[in-house]
$ cat data.pdb   # PDB, C-alpha atoms
ATOM      1  CA  MET A 280      12.868  16.972 -30.140
ATOM      2  CA  ALA A 281      10.350  15.051 -28.037
ATOM      3  CA  THR A 282      11.535  12.053 -26.088
ATOM      4  CA  MET A 283       9.634   8.868 -26.818
ATOM      5  CA  ILE A 284       8.858   6.861 -23.691
ATOM      6  CA  THR A 285       8.587   3.157 -24.349
ATOM      7  CA  PRO A 286       5.921   1.491 -22.197
ATOM      8  CA  LEU A 287       6.968  -1.444 -20.072
ATOM      9  CA  GLN A 288       6.368  -4.750 -21.740
ATOM     10  CA  PRO A 289       4.401  -7.248 -19.611
ATOM     11  CA  GLY A 290       6.431 -10.208 -18.431
ATOM     12  CA  THR A 291       9.763  -8.420 -18.654
ATOM     13  CA  GLU A 292      12.273  -7.940 -15.889
ATOM     14  CA  ALA A 293      11.774  -4.138 -16.014
ATOM     15  CA  ALA A 294       7.997  -4.539 -15.667
ATOM     16  CA  ALA A 295       8.429  -6.881 -12.690
ATOM     17  CA  GLN A 296      10.804  -4.471 -10.932
ATOM     18  CA  ALA A 297       8.470  -1.518 -11.596
ATOM     19  CA  THR A 298       5.578  -3.558 -10.220
ATOM     20  CA  ALA A 299       7.492  -4.396  -7.035
ATOM     21  CA  PHE A 300       8.242  -0.739  -6.360
ATOM     22  CA  ALA A 301       4.720   0.391  -7.302
ATOM     23  CA  ILE A 302       3.133  -2.061  -4.881
ATOM     24  CA  PHE A 303       5.626  -2.155  -2.034
ATOM     25  CA  GLY A 304       7.422   1.171  -2.436
ATOM     26  CA  SER A 305      10.665   1.242  -0.532
ATOM     27  CA  ASP A 306       9.243  -1.157   2.058
ATOM     28  CA  ILE A 307      10.544  -4.304   0.387
ATOM     29  CA  PRO A 308      11.532  -6.791   3.081
ATOM     30  CA  PRO A 309      14.994  -8.326   3.093
ATOM     31  CA  ILE A 310      15.131 -11.360   0.855
ATOM     32  CA  ASP A 311      17.285 -14.351   1.694
ATOM     33  CA  PRO A 312      19.932 -14.963  -0.990
ATOM     34  CA  GLU A 313      18.594 -18.484  -1.559
ATOM     35  CA  ASP A 314      15.134 -16.990  -2.313
ATOM     36  CA  TYR A 315      16.479 -14.528  -4.879
ATOM     37  CA  SER A 316      17.294 -16.025  -8.251
ATOM     38  CA  GLY A 317      18.414 -12.733  -9.778
ATOM     39  CA  SER A 318      14.992 -12.138 -11.288
ATOM     40  CA  TRP A 319      12.326  -9.739 -10.059
ATOM     41  CA  ARG A 320       9.691 -11.879 -11.776
ATOM     42  CA  THR A 321      10.443 -14.873  -9.586
ATOM     43  CA  THR A 322      11.065 -12.719  -6.508
ATOM     44  CA  LEU A 323       7.654 -10.939  -6.431
ATOM     45  CA  PRO A 324       5.886 -13.958  -4.880
ATOM     46  CA  VAL A 325       8.667 -14.215  -2.281
ATOM     47  CA  ILE A 326       8.187 -10.549  -1.339
ATOM     48  CA  THR A 327       4.438 -11.077  -1.042
ATOM     49  CA  ASP A 328       4.912 -14.139   1.161
ATOM     50  CA  GLU A 329       7.278 -12.153   3.399
ATOM     51  CA  TRP A 330       4.723  -9.363   3.732
ATOM     52  CA  VAL A 331       1.974 -11.765   4.708
ATOM     53  CA  GLY A 332       4.229 -13.780   7.006
ATOM     54  CA  GLU A 333       5.462 -10.689   8.834
ATOM     55  CA  GLY A 334       1.926  -9.367   9.330
ATOM     56  CA  ARG A 335       2.584  -6.264   7.257
ATOM     57  CA  PHE A 336      -0.805  -6.444   5.526
ATOM     58  CA  GLU A 337      -2.569  -6.519   8.891
ATOM     59  CA  ARG A 338      -0.445  -3.668  10.244
ATOM     60  CA  HIS A 339      -1.136  -1.614   7.123
ATOM     61  CA  ALA A 340      -4.881  -2.185   7.484
ATOM     62  CA  ALA A 341      -4.715  -1.142  11.155
ATOM     63  CA  ARG A 342      -2.614   1.949  10.340
ATOM     64  CA  THR A 343      -5.083   2.939   7.598
ATOM     65  CA  ALA A 344      -8.089   2.406   9.891
ATOM     66  CA  THR A 345      -6.491   4.708  12.471
ATOM     67  CA  ALA A 346      -5.840   7.386   9.821
ATOM     68  CA  ILE A 347      -9.467   7.149   8.643
ATOM     69  CA  ASN A 348     -10.721   7.646  12.199
ATOM     70  CA  GLU A 349      -8.377  10.612  12.654
ATOM     71  CA  LEU A 350      -9.698  12.179   9.441
ATOM     72  CA  LEU A 351     -13.310  11.693  10.537
ATOM     73  CA  ALA A 352     -12.545  13.252  13.947
ATOM     74  CA  THR A 353     -10.789  16.211  12.282
ATOM     75  CA  GLN A 354     -13.743  16.711   9.947
ATOM     76  CA  GLN A 355     -16.086  16.709  12.929
ATOM     77  CA  ARG A 356     -13.965  19.244  14.843
ATOM     78  CA  HIS A 357     -12.968  21.592  12.027
ATOM     79  CA  GLY A 358     -15.354  20.898   9.152
ATOM     80  CA  VAL A 359     -15.092  18.738   6.058
ATOM     81  CA  GLY A 360     -13.366  21.333   3.857
ATOM     82  CA  SER A 361     -11.101  22.754   6.568
ATOM     83  CA  PRO A 362      -7.345  22.977   5.958
ATOM     84  CA  GLN A 363      -6.805  20.474   8.773
ATOM     85  CA  ALA A 364      -9.204  17.935   7.220
ATOM     86  CA  LEU A 365      -7.674  18.433   3.776
ATOM     87  CA  ALA A 366      -4.201  17.804   5.223
ATOM     88  CA  ASP A 367      -5.416  14.628   6.938
ATOM     89  CA  GLY A 368      -6.999  13.550   3.641
ATOM     90  CA  ASP A 369      -3.694  14.089   1.830
ATOM     91  CA  THR A 370      -1.960  11.923   4.434
ATOM     92  CA  LEU A 371      -4.610   9.213   4.068
ATOM     93  CA  GLN A 372      -4.551   8.981   0.263
ATOM     94  CA  PRO A 373      -1.296   6.972  -0.114
ATOM     95  CA  LEU A 374      -2.499   4.555   2.573
ATOM     96  CA  ILE A 375      -5.763   4.010   0.688
ATOM     97  CA  ASP A 376      -3.858   3.543  -2.578
ATOM     98  CA  ARG A 377      -1.750   0.850  -0.961
ATOM     99  CA  CYS A 378      -4.882  -0.848   0.391
ATOM    100  CA  ARG A 379      -6.108  -1.099  -3.189
ATOM    101  CA  HIS A 380      -2.810  -2.680  -4.254
ATOM    102  CA  PHE A 381      -2.959  -5.180  -1.409
ATOM    103  CA  GLY A 382      -6.642  -6.014  -1.835
ATOM    104  CA  ILE A 383      -7.538  -4.701   1.633
ATOM    105  CA  THR A 384     -11.303  -4.188   1.634
ATOM    106  CA  THR A 385     -13.663  -1.866   3.478
ATOM    107  CA  ALA A 386     -14.680  -4.859   5.608
ATOM    108  CA  ASP A 387     -10.999  -5.417   6.519
ATOM    109  CA  LEU A 388     -10.670  -1.768   7.545
ATOM    110  CA  ARG A 389     -13.844  -1.983   9.638
ATOM    111  CA  ARG A 390     -12.469  -5.129  11.286
ATOM    112  CA  HIS A 391      -9.433  -3.039  12.275
ATOM    113  CA  GLY A 392     -11.640  -0.355  13.819
ATOM    114  CA  ALA A 393     -12.313   2.109  10.996
ATOM    115  CA  GLN A 394     -15.534   3.979  11.774
ATOM    116  CA  LEU A 395     -16.709   4.042   8.163
ATOM    117  CA  PRO A 396     -20.367   4.842   7.503
ATOM    118  CA  GLU A 397     -22.486   1.965   6.223
ATOM    119  CA  SER A 398     -23.162   2.227   2.499
TER     120      SER A 398
END
$ encode --input "data.pdb" --output "structure tokens"
Amino acid sequence: MATMITPLQPGTEAAAQATAFAIFGSDIPPIDPEDYSGSWRTTLPVITDEWVGEGRFERHAARTATAINELLATQQRHGVGSPQALADGDTLQPLIDRCRHFGITTADLRRHGAQLPES
């Protein structure tokens, strides 16, 4: 018998918790008890404010820019399709995915030193 998976309903506590873990992964900053009302829906903005306040967005952009530059250097040394370049690309993908979640743009990455080609 097939198991039916019920999709998360928008605006529910389960959807809010899933969203928090999808965006922030296990890197959710500690939340002061007075900022946590027992609801993930009301806590998501608090988590976001903590991330911004602690400079985590900027650090993530800088970390991603460094990984991009390392990938480009590996591609130059070993070739675009080399096992080394593919491994660096696999390492970079989750960082890029997180940039999309956070709204970090190509311009932000360039500002942090990414040597991306002009489009």
$ atom_distance --input "data.pdb" --atom1 "CA of Gln354 (chain A)" --atom2 "CA of Ala341 (chain A)"
20.0 Å
$ resolve_selection --input "data.pdb" --expression "the PyMOL selection byres ((chain A and resi 390) around 12)" --output "ChimeraX atom specification"
/A:337,340-341,343-345,383-389,391-395
$ write_last_selection --input "data.pdb" --atoms "C-alpha atoms" --output "compact mmCIF listing (two decimals), in the coordinates of the input"
# COMPACT_ATOMS: atom_id res chain seq x y z
CA GLU A 337 -2.57 -6.52 8.89
CA ALA A 340 -4.88 -2.18 7.48
CA ALA A 341 -4.72 -1.14 11.16
CA THR A 343 -5.08 2.94 7.60
CA ALA A 344 -8.09 2.41 9.89
CA THR A 345 -6.49 4.71 12.47
CA ILE A 383 -7.54 -4.70 1.63
CA THR A 384 -11.30 -4.19 1.63
CA THR A 385 -13.66 -1.87 3.48
CA ALA A 386 -14.68 -4.86 5.61
CA ASP A 387 -11.00 -5.42 6.52
CA LEU A 388 -10.67 -1.77 7.54
CA ARG A 389 -13.84 -1.98 9.64
CA HIS A 391 -9.43 -3.04 12.28
CA GLY A 392 -11.64 -0.36 13.82
CA ALA A 393 -12.31 2.11 11.00
CA GLN A 394 -15.53 3.98 11.77
CA LEU A 395 -16.71 4.04 8.16
$ atom_distance --input "data.pdb" --atom1 "CA of Arg338 (chain A)" --atom2 "CA of Leu374 (chain A)"
11.4 Å
$ closest_residue --input "data.pdb" --among "A:Arg335, A:Leu350, A:Glu313, A:Gly382" --to "Asp367 (chain A)" --atoms "all atoms listed in the file"
A:Leu350
$ closest_residue --input "data.pdb" --among "A:Gln355, A:Asn348, A:Ala295, A:Ser361" --to "Trp319 (chain A)" --atoms "all atoms listed in the file"
A:Ala295
$ closest_residue --input "data.pdb" --among "A:Glu397, A:Ala346, A:Arg356, A:Ser318" --to "Ala294 (chain A)" --atoms "all atoms listed in the file"
A:Ser318
$ resolve_selection --input "data.pdb" --expression "the PyMOL selection byres ((chain A and resi 296) around 10)" --output "list in words"
Thr291, Glu292, Ala293, Ala294, Ala295, Ala297, Thr298, Ala299, Phe300, Ala301, Ser318, Trp319, Arg320, Thr322 and Leu323 of chain A
$ atom_distance --input "data.pdb" --atom1 "CA of Gln363 (chain A)" --atom2 "CA of His380 (chain A)"
26.9 Å
$ closest_residue --input "data.pdb" --among "A:Gly317, A:Gly304, A:Pro324, A:Gly368" --to "Ile347 (chain A)" --atoms "only C-alpha atoms"
A:Gly368
$ closest_residue --input "data.pdb" --among "A:Glu349, A:Asp376, A:Asp311, A:Asp369" --to "Ile326 (chain A)" --atoms "all atoms listed in the file"
A:Asp311
$ decode --input "data.pdb" --residues "region 337-350 of chain A" --atoms "all heavy atoms" --output "CSV table (one decimal), in the first residue's frame"
chain,number,residue,atom,x,y,z
A,337,GLU,N,26.6,38.4,5.4
A,337,GLU,CA,27.9,38.9,4.9
A,337,GLU,C,29.0,37.8,4.9
A,337,GLU,O,29.7,37.6,3.9
A,337,GLU,CB,28.4,40.1,5.6
A,337,GLU,CG,27.5,41.3,5.4
A,337,GLU,CD,27.4,41.8,4.0
A,337,GLU,OE1,28.4,41.9,3.3
A,337,GLU,OE2,26.3,42.1,3.6
A,338,ARG,N,29.0,37.1,6.0
A,338,ARG,CA,30.0,36.0,6.0
A,338,ARG,C,29.7,34.9,5.0
A,338,ARG,O,30.6,34.3,4.4
A,338,ARG,CB,30.1,35.4,7.5
A,338,ARG,CG,30.8,36.3,8.4
A,338,ARG,CD,31.2,35.6,9.7
A,338,ARG,NE,30.1,35.0,10.4
A,338,ARG,CZ,29.3,35.6,11.3
A,338,ARG,NH1,29.6,36.8,11.7
A,338,ARG,NH2,28.4,34.9,11.9
A,339,HIS,N,28.4,34.6,4.8
A,339,HIS,CA,28.1,33.6,3.9
A,339,HIS,C,28.4,34.0,2.5
A,339,HIS,O,28.9,33.3,1.7
A,339,HIS,CB,26.6,33.2,3.9
A,339,HIS,CG,26.2,32.1,3.0
A,339,HIS,ND1,26.5,30.8,3.3
A,339,HIS,CD2,25.6,32.1,1.8
A,339,HIS,CE1,26.1,30.1,2.3
A,339,HIS,NE2,25.6,30.9,1.3
A,340,ALA,N,28.2,35.3,2.1
A,340,ALA,CA,28.5,35.8,0.8
A,340,ALA,C,30.0,35.7,0.6
A,340,ALA,O,30.5,35.3,-0.5
A,340,ALA,CB,28.0,37.3,0.7
A,341,ALA,N,30.8,36.1,1.6
A,341,ALA,CA,32.3,36.0,1.5
A,341,ALA,C,32.8,34.6,1.4
A,341,ALA,O,33.6,34.3,0.5
A,341,ALA,CB,32.9,36.7,2.8
A,342,ARG,N,32.2,33.7,2.1
A,342,ARG,CA,32.5,32.3,2.0
A,342,ARG,C,32.2,31.7,0.6
A,342,ARG,O,33.0,31.0,0.1
A,342,ARG,CB,31.8,31.5,3.1
A,342,ARG,CG,32.2,30.0,3.2
A,342,ARG,CD,31.6,29.3,4.4
A,342,ARG,NE,30.2,29.6,4.7
A,342,ARG,CZ,29.7,30.2,5.8
A,342,ARG,NH1,30.6,30.7,6.7
A,342,ARG,NH2,28.5,30.4,5.9
A,343,THR,N,31.1,32.1,0.1
A,343,THR,CA,30.7,31.6,-1.2
A,343,THR,C,31.6,32.2,-2.3
A,343,THR,O,32.0,31.5,-3.2
A,343,THR,CB,29.2,32.0,-1.5
A,343,THR,OG1,28.4,31.4,-0.5
A,343,THR,CG2,28.7,31.5,-2.9
A,344,ALA,N,31.9,33.5,-2.2
A,344,ALA,CA,32.8,34.1,-3.1
A,344,ALA,C,34.2,33.4,-3.1
A,344,ALA,O,34.8,33.2,-4.2
A,344,ALA,CB,33.0,35.6,-2.8
A,345,THR,N,34.7,33.1,-2.0
A,345,THR,CA,36.0,32.3,-1.9
A,345,THR,C,35.8,31.0,-2.6
A,345,THR,O,36.7,30.6,-3.4
A,345,THR,CB,36.4,32.1,-0.4
A,345,THR,OG1,36.5,33.4,0.2
A,345,THR,CG2,37.6,31.3,-0.3
A,346,ALA,N,34.7,30.3,-2.4
A,346,ALA,CA,34.5,28.9,-3.0
A,346,ALA,C,34.4,29.1,-4.5
A,346,ALA,O,34.9,28.2,-5.3
A,346,ALA,CB,33.3,28.3,-2.4
A,347,ILE,N,33.8,30.1,-5.0
A,347,ILE,CA,33.7,30.4,-6.4
A,347,ILE,C,35.1,30.6,-7.0
A,347,ILE,O,35.5,30.0,-8.0
A,347,ILE,CB,32.8,31.6,-6.7
A,347,ILE,CG1,31.3,31.2,-6.5
A,347,ILE,CG2,33.0,32.1,-8.2
A,347,ILE,CD1,30.4,32.4,-6.5
A,348,ASN,N,35.9,31.4,-6.4
A,348,ASN,CA,37.3,31.6,-6.8
A,348,ASN,C,38.1,30.4,-6.8
A,348,ASN,O,38.9,30.1,-7.7
A,348,ASN,CB,37.9,32.7,-6.0
A,348,ASN,CG,37.3,34.1,-6.3
A,348,ASN,OD1,36.6,34.3,-7.3
A,348,ASN,ND2,37.4,35.0,-5.3
A,349,GLU,N,37.9,29.5,-5.8
A,349,GLU,CA,38.6,28.2,-5.7
A,349,GLU,C,38.2,27.3,-6.9
A,349,GLU,O,39.0,26.7,-7.5
A,349,GLU,CB,38.4,27.6,-4.4
A,349,GLU,CG,39.1,28.3,-3.2
A,349,GLU,CD,38.7,27.7,-1.9
A,349,GLU,OE1,37.9,26.8,-1.8
A,349,GLU,OE2,39.2,28.2,-0.9
A,350,LEU,N,36.9,27.3,-7.2
A,350,LEU,CA,36.4,26.5,-8.3
A,350,LEU,C,37.0,27.0,-9.6
A,350,LEU,O,37.5,26.2,-10.4
A,350,LEU,CB,34.9,26.5,-8.4
A,350,LEU,CG,34.3,25.9,-9.6
A,350,LEU,CD1,34.6,24.4,-9.7
A,350,LEU,CD2,32.8,26.1,-9.7
